[in-house]
Every structure is written in C-alpha cells, then in structure tokens.
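Asker: Contents are mmCIF, C-alpha atoms; file name target_11.cif:
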```
data_target
loop_
_atom_site.group_PDB
_atom_site.id
_atom_site.type_symbol
_atom_site.label_atom_id
_atom_site.label_comp_id
_atom_site.auth_asym_id
_atom_site.auth_seq_id
_atom_site.Cartn_x
_atom_site.Cartn_y
_atom_site.Cartn_z
ATOM 1 C CA MET Z 1 0.000 0.000 0.000
ATOM 2 C CA ARG Z 2 2.804 2.184 0.629
ATOM 3 C CA GLY Z 3 3.751 2.121 -2.952
ATOM 4 C CA TRP Z 4 0.352 3.061 -3.889
ATOM 5 C CA LEU Z 5 0.339 6.072 -1.596
ATOM 6 C CA VAL Z 6 3.698 7.184 -2.928
ATOM 7 C CA GLY Z 7 2.302 6.947 -6.451
ATOM 8 C CA ILE Z 8 -0.801 8.992 -5.559
ATOM 9 C CA GLY Z 9 1.347 11.555 -3.811
ATOM 10 C CA ALA Z 10 3.584 11.849 -6.805
ATOM 11 C CA ALA Z 11 0.634 12.131 -9.140
ATOM 12 C CA THR Z 12 -0.978 14.767 -6.956
ATOM 13 C CA ALA Z 13 2.248 16.687 -6.838
ATOM 14 C CA LEU Z 14 2.399 16.597 -10.616
ATOM 15 C CA VAL Z 15 -1.156 17.767 -10.959
ATOM 16 C CA LEU Z 16 -0.646 20.547 -8.491
ATOM 17 C CA SER Z 17 2.595 21.586 -10.047
ATOM 18 C CA GLY Z 18 0.902 21.786 -13.491
ATOM 19 C CA CYS Z 19 -1.877 23.875 -12.025
ATOM 20 C CA SER Z 20 0.451 26.121 -10.133
ATOM 21 C CA GLY Z 21 1.923 27.519 -13.396
ATOM 22 C CA GLU Z 22 -1.455 29.026 -14.159
ATOM 23 C CA SER Z 23 -2.439 29.814 -10.606
ATOM 24 C CA ALA Z 24 -2.584 33.117 -8.896
ATOM 25 C CA ALA Z 25 0.587 32.263 -7.071
ATOM 26 C CA ALA Z 26 2.646 33.567 -9.947
ATOM 27 C CA PRO Z 27 3.504 37.197 -9.459
ATOM 28 C CA PRO Z 28 1.865 39.631 -11.865
ATOM 29 C CA PRO Z 29 4.085 41.367 -14.363
ATOM 30 C CA PRO Z 30 5.605 44.530 -12.931
ATOM 31 C CA THR Z 31 3.735 47.804 -13.612
ATOM 32 C CA SER Z 32 5.460 51.092 -14.171
ATOM 33 C CA THR Z 33 4.409 54.310 -12.491
ATOM 34 C CA THR Z 34 6.233 56.488 -14.969
ATOM 35 C CA THR Z 35 4.393 57.691 -18.026
ATOM 36 C CA PRO Z 36 6.238 57.734 -21.265
ATOM 37 C CA ALA Z 37 7.149 61.193 -22.492
ATOM 38 C CA PRO Z 38 4.650 62.478 -25.009
ATOM 39 C CA THR Z 39 5.964 62.473 -28.459
ATOM 40 C CA THR Z 40 5.594 65.672 -30.468
ATOM 41 C CA THR Z 41 5.757 65.737 -34.156
ATOM 42 C CA VAL Z 42 7.269 68.900 -35.603
ATOM 43 C CA ALA Z 43 5.863 69.667 -38.988
ATOM 44 C CA PRO Z 44 8.378 71.019 -41.451
ATOM 45 C CA ALA Z 45 8.257 74.829 -41.707
ATOM 46 C CA THR Z 46 6.318 76.040 -44.669
ATOM 47 C CA THR Z 47 6.429 79.532 -46.124
ATOM 48 C CA THR Z 48 3.277 80.945 -47.542
ATOM 49 C CA GLU Z 49 4.077 83.798 -49.862
ATOM 50 C CA LEU Z 50 1.332 86.349 -49.947
ATOM 51 C CA PRO Z 51 0.855 87.964 -53.319
ATOM 52 C CA LEU Z 52 2.339 91.448 -53.557
ATOM 53 C CA PRO Z 53 -0.217 94.244 -53.557
ATOM 54 C CA PRO Z 54 -0.843 95.708 -56.973
ATOM 55 C CA PRO Z 55 1.280 98.735 -57.808
ATOM 56 C CA PRO Z 56 -0.420 102.080 -57.254
ATOM 57 C CA PRO Z 57 -2.019 103.580 -60.324
ATOM 58 C CA PRO Z 58 0.181 106.049 -62.175
ATOM 59 C CA VAL Z 59 -0.166 109.587 -60.923
ATOM 60 C CA GLU Z 60 -1.743 111.660 -63.595
ATOM 61 C CA PRO Z 61 -0.876 115.326 -63.753
ATOM 62 C CA PRO Z 62 -3.734 117.606 -62.832
ATOM 63 C CA PRO Z 63 -5.726 118.724 -65.821
ATOM 64 C CA THR Z 64 -4.531 122.005 -67.207
ATOM 65 C CA ALA Z 65 -7.197 124.581 -67.540
ATOM 66 C CA GLU Z 66 -7.738 125.780 -71.039
ATOM 67 C CA PRO Z 67 -7.270 129.524 -71.287
ATOM 68 C CA GLN Z 68 -10.531 131.364 -71.158
ATOM 69 C CA THR Z 69 -11.424 132.668 -74.586
ATOM 70 C CA THR Z 70 -14.647 134.462 -73.787
ATOM 71 C CA TYR Z 71 -14.541 137.247 -71.230
ATOM 72 C CA ALA Z 72 -17.657 138.564 -69.605
ATOM 73 C CA ALA Z 73 -17.749 142.266 -69.032
ATOM 74 C CA ILE Z 74 -17.458 143.314 -65.388
ATOM 75 C CA GLY Z 75 -18.979 146.749 -65.107
ATOM 76 C CA GLY Z 76 -18.421 147.073 -68.863
ATOM 77 C CA ALA Z 77 -14.664 146.274 -68.514
ATOM 78 C CA TYR Z 78 -12.794 143.216 -69.813
ATOM 79 C CA TYR Z 79 -9.907 141.973 -67.648
ATOM 80 C CA PHE Z 80 -7.286 139.359 -68.530
ATOM 81 C CA SER Z 81 -3.656 138.456 -67.875
ATOM 82 C CA SER Z 82 -0.718 137.567 -70.080
ATOM 83 C CA PRO Z 83 -0.178 133.807 -70.595
ATOM 84 C CA ASP Z 84 2.782 133.845 -68.164
ATOM 85 C CA GLY Z 85 0.785 135.823 -65.567
ATOM 86 C CA LEU Z 86 3.345 138.653 -65.456
ATOM 87 C CA PHE Z 87 0.957 141.309 -66.806
ATOM 88 C CA GLN Z 88 -2.576 142.205 -65.783
ATOM 89 C CA CYS Z 89 -4.528 143.876 -68.540
ATOM 90 C CA GLY Z 90 -7.927 145.274 -69.348
ATOM 91 C CA ILE Z 91 -10.153 147.230 -71.682
ATOM 92 C CA VAL Z 92 -11.952 149.674 -69.395
ATOM 93 C CA PRO Z 93 -14.673 152.221 -70.197
ATOM 94 C CA LEU Z 94 -14.492 155.188 -67.808
ATOM 95 C CA SER Z 95 -16.812 158.165 -67.519
ATOM 96 C CA SER Z 96 -14.468 160.487 -69.450
ATOM 97 C CA ARG Z 97 -12.674 158.014 -71.764
ATOM 98 C CA THR Z 98 -12.094 154.378 -72.642
ATOM 99 C CA GLU Z 99 -8.635 152.834 -72.302
ATOM 100 C CA ALA Z 100 -6.742 149.601 -72.757
ATOM 101 C CA GLY Z 101 -3.659 148.874 -70.717
ATOM 102 C CA CYS Z 102 -1.375 146.305 -69.121
ATOM 103 C CA GLN Z 103 0.529 146.532 -65.834
ATOM 104 C CA GLY Z 104 3.686 144.645 -64.878
ATOM 105 C CA THR Z 105 7.454 145.034 -64.889
ATOM 106 C CA THR Z 106 8.933 145.849 -68.281
ATOM 107 C CA ASN Z 107 12.280 147.163 -69.509
ATOM 108 C CA PRO Z 108 13.385 149.651 -70.665
ATOM 109 C CA VAL Z 109 11.390 152.395 -68.953
ATOM 110 C CA PRO Z 110 11.749 156.070 -69.881
ATOM 111 C CA PRO Z 111 12.754 158.554 -67.161
ATOM 112 C CA ARG Z 112 10.082 159.510 -64.628
ATOM 113 C CA PRO Z 113 8.285 162.754 -65.547
ATOM 114 C CA ASP Z 114 8.354 165.545 -62.964
ATOM 115 C CA ASP Z 115 4.598 165.406 -62.448
ATOM 116 C CA CYS Z 116 4.612 161.689 -61.399
ATOM 117 C CA MET Z 117 4.961 161.431 -57.622
ATOM 118 C CA ILE Z 118 3.910 157.739 -57.325
ATOM 119 C CA ASN Z 119 4.866 154.486 -59.083
ATOM 120 C CA TRP Z 120 6.245 155.083 -62.545
ATOM 121 C CA GLY Z 121 6.666 152.772 -65.492
ATOM 122 C CA ASN Z 122 4.763 149.797 -64.093
ATOM 123 C CA GLY Z 123 2.621 149.523 -67.214
ATOM 124 C CA ILE Z 124 1.447 151.093 -70.467
ATOM 125 C CA ARG Z 125 -1.988 152.301 -71.548
ATOM 126 C CA VAL Z 126 -3.644 153.736 -74.614
ATOM 127 C CA THR Z 127 -6.771 155.878 -74.434
ATOM 128 C CA ASN Z 128 -9.252 156.949 -77.063
ATOM 129 C CA ASP Z 129 -7.942 160.522 -76.860
ATOM 130 C CA GLY Z 130 -4.209 160.137 -77.600
ATOM 131 C CA PRO Z 131 -1.161 157.955 -78.116
ATOM 132 C CA ALA Z 132 -0.053 155.196 -75.762
ATOM 133 C CA ALA Z 133 2.104 156.123 -72.763
ATOM 134 C CA PHE Z 134 3.744 154.654 -69.678
ATOM 135 C CA MET Z 135 1.627 154.771 -66.537
ATOM 136 C CA CYS Z 136 2.034 156.753 -63.342
ATOM 137 C CA SER Z 137 -0.143 154.736 -60.970
ATOM 138 C CA GLY Z 138 -0.479 154.134 -57.242
ATOM 139 C CA GLY Z 139 -1.665 150.529 -57.587
ATOM 140 C CA VAL Z 140 -3.098 147.877 -59.834
ATOM 141 C CA VAL Z 141 -5.653 149.343 -62.202
ATOM 142 C CA TYR Z 142 -6.342 146.470 -64.600
ATOM 143 C CA THR Z 143 -7.865 143.803 -62.404
ATOM 144 C CA SER Z 144 -11.338 142.502 -61.754
ATOM 145 C CA GLY Z 145 -10.498 142.481 -58.037
ATOM 146 C CA GLY Z 146 -11.027 138.732 -57.629
ATOM 147 C CA GLU Z 147 -9.007 136.507 -55.305
ATOM 148 C CA THR Z 148 -6.959 135.142 -58.207
ATOM 149 C CA ILE Z 149 -5.351 136.697 -61.233
ATOM 150 C CA ASP Z 150 -7.709 137.228 -64.148
ATOM 151 C CA PRO Z 151 -7.795 134.512 -66.822
ATOM 152 C CA PRO Z 152 -4.905 134.435 -69.306
ATOM 153 C CA LEU Z 153 -5.314 135.483 -72.897
ATOM 154 C CA ALA Z 154 -3.751 132.560 -74.783
ATOM 155 C CA VAL Z 155 -1.064 133.211 -77.369
ATOM 156 C CA GLY Z 156 -2.834 133.964 -80.640
ATOM 157 C CA ALA Z 157 -6.110 134.994 -78.957
ATOM 158 C CA THR Z 158 -7.679 138.452 -79.259
ATOM 159 C CA ILE Z 159 -10.215 140.502 -77.318
ATOM 160 C CA ALA Z 160 -11.926 143.227 -79.333
ATOM 161 C CA GLU Z 161 -14.274 145.366 -77.228
ATOM 162 C CA ALA Z 162 -15.291 149.020 -76.802
ATOM 163 C CA GLY Z 163 -13.242 150.137 -79.840
ATOM 164 C CA PHE Z 164 -9.964 148.474 -78.689
ATOM 165 C CA THR Z 165 -8.281 145.258 -79.747
ATOM 166 C CA CYS Z 166 -5.812 143.418 -77.490
ATOM 167 C CA THR Z 167 -3.848 140.452 -78.825
ATOM 168 C CA SER Z 168 -1.584 137.937 -77.100
ATOM 169 C CA ALA Z 169 1.534 136.937 -79.059
ATOM 170 C CA GLU Z 170 4.883 135.238 -78.363
ATOM 171 C CA ASN Z 171 6.520 138.680 -78.069
ATOM 172 C CA GLY Z 172 4.013 140.116 -75.558
ATOM 173 C CA ILE Z 173 0.559 141.665 -75.292
ATOM 174 C CA SER Z 174 -0.473 144.370 -77.765
ATOM 175 C CA CYS Z 175 -3.443 146.712 -77.468
ATOM 176 C CA VAL Z 176 -4.554 149.244 -80.069
ATOM 177 C CA ASP Z 177 -7.258 151.895 -80.357
ATOM 178 C CA ASP Z 178 -9.128 150.741 -83.460
ATOM 179 C CA ALA Z 179 -10.153 154.297 -84.435
ATOM 180 C CA THR Z 180 -6.764 156.033 -84.124
ATOM 181 C CA GLY Z 181 -4.253 153.184 -84.568
ATOM 182 C CA HIS Z 182 -2.411 154.246 -81.401
ATOM 183 C CA GLY Z 183 -1.282 151.411 -79.215
ATOM 184 C CA PHE Z 184 1.488 149.564 -77.411
ATOM 185 C CA ARG Z 185 3.218 146.208 -77.012
ATOM 186 C CA ILE Z 186 4.497 145.115 -73.605
ATOM 187 C CA ALA Z 187 6.726 142.217 -72.530
ATOM 188 C CA PRO Z 188 9.145 141.673 -69.614
ATOM 189 C CA ASP Z 189 12.262 142.617 -71.577
ATOM 190 C CA SER Z 190 10.900 144.849 -74.350
ATOM 191 C CA ASN Z 191 8.078 147.269 -75.102
ATOM 192 C CA GLU Z 192 6.965 149.867 -77.611
ATOM 193 C CA VAL Z 193 4.421 152.660 -77.758
ATOM 194 C CA TYR Z 194 2.960 154.145 -80.936
#
```
Would you kindly transcribe this structure into structure tokens?

Answerer:
Amino acid sequence: MRGWLVGIGAATALVLSGCSGESAAAPPPPTSTTTPAPTTTVAPATTTELPLPPPPPPVEPPPTAEPQTTYAAIGGAYYFSSPDGLFQCGIVPLSSRTEAGCQGTTNPVPPRPDDCMINWGNGIRVTNDGPAAFMCSGGVVYTSGGETIDPPLAVGATIAEAGFTCTSAENGISCVDDATGHGFRIAPDSNEVY
C-alpha cells in the first residue's frame, strides 16, 4: 500500500505543479508608475508667400485749364492776364474816356516825368484821346479784383471790345485803339508805344 500512496502523492504533486503555473501564485508582471514622455511631431516649416499688392495707379498730372477765350464784361470792362501771368490787362470804359492797358514790370522804362509822384513805369496804356504812354499809378488798375489773377489770354487769342483790340503773341501783349491806330506792345524785356 505504501507504494500506492507514494504513487498517488507523486501524481498529486504533478497535478498541483501543473496547475500552479497558471495559478494566482505567480507574481503579476511589474507595472510602471512612470508615463512615457509624449511624443511631439514637428511639422516642417512652410512659407506661404502672400501675393504682392498691386502697384499704385500712375499719378496723372492735374488737368490744365484751357485759357478762357470768352470774357464777360465786369462793369463794362474786360480783364485778362498775359499767358505767363506777369501782366494784368484790361479794356476799361471810364466816364471820361475808354482805355486799354497792361501793368507789370517791363524794360526799358523812360525817365520819370516831374509830375509823377507815385509808381512810374509799371505799365502802359492807350486811351481813345491820344497815343499810348507809360503809366504813373499808385496801384493795380487792370484787375477785376477777384481773389486770383484774371484769366490768361492765350497766345494767338484776341479781345476786341469798346473800340480796342488786345492780342496775345509770343513777343508780348499788344493793345490798339481801333479808331486812331495808337497802341502799345508790352513784354518783360521789351516794349513799344505808338
């Protein structure tokens, strides 16, 4: 019987040993308390090129005003300037006479007459009662009195009013009394009276 008991004991030990490999007696696999570092993926840098703004439109020069060719009478007078703006001119009816004249700096100027105690030689005028002459004047006579200079008389243009004709040319402004033929031409560096 002893043999039998030894055999049963050995068999039991084998059975138990086979079961013990799957039993709870085996220690569980170790667990870690550290968390793996997060992995970051760096995307390659990309450059987005924005389109350049369109170039600014070309700057256009301001429109040039065409010289006025029709002149409305102001109190019966016609005022204008030379194309370069250096002379202010007019055809002016007064109570005792009508005259045409231009004021501005011109050379040469004849000597000042003894009876002129104010500005001398700053312009020339022709009246309907005599030849043209240099002016003795205390201020600007041939102006409409506006805030800006009166409109220019373009080269080649003419104003014919009140028996006088004034013409703008390359060599200056000329005004003549249509009835007598007396007149003048005035420019910055030359002039004539007749």

Asker: In Å, how far is it from CA of Thr127 (chain Z) to CA of Glu99 (chain Z)?

Answerer: 4.2 Å

Asker: Any chance you could resolve the PyMOL selection byres ((chain Z and resi 176) around 12) against this file and give the residues as a ChimeraX atom specification?

Answerer: /Z:90-91,98-102,124-128,130-132,158-167,173-175,177-186,192-194

Asker: Please enumerate the residues selected by the PyMOL selection byres ((chain Z and resi 86) around 10) when evaluated against the supplied file, formatted as number ranges by chain.

Answerer: Z: 81-85, 87-89, 102-106, 149, 187-188

Asker: What is the CA of Val59 (chain Z) to CA of Thr148 (chain Z) distance in Å?

Answerer: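 Separating CA of Val59 (chain Z) from CA of Thr148 (chain Z) is a distance of 26.6 Å.
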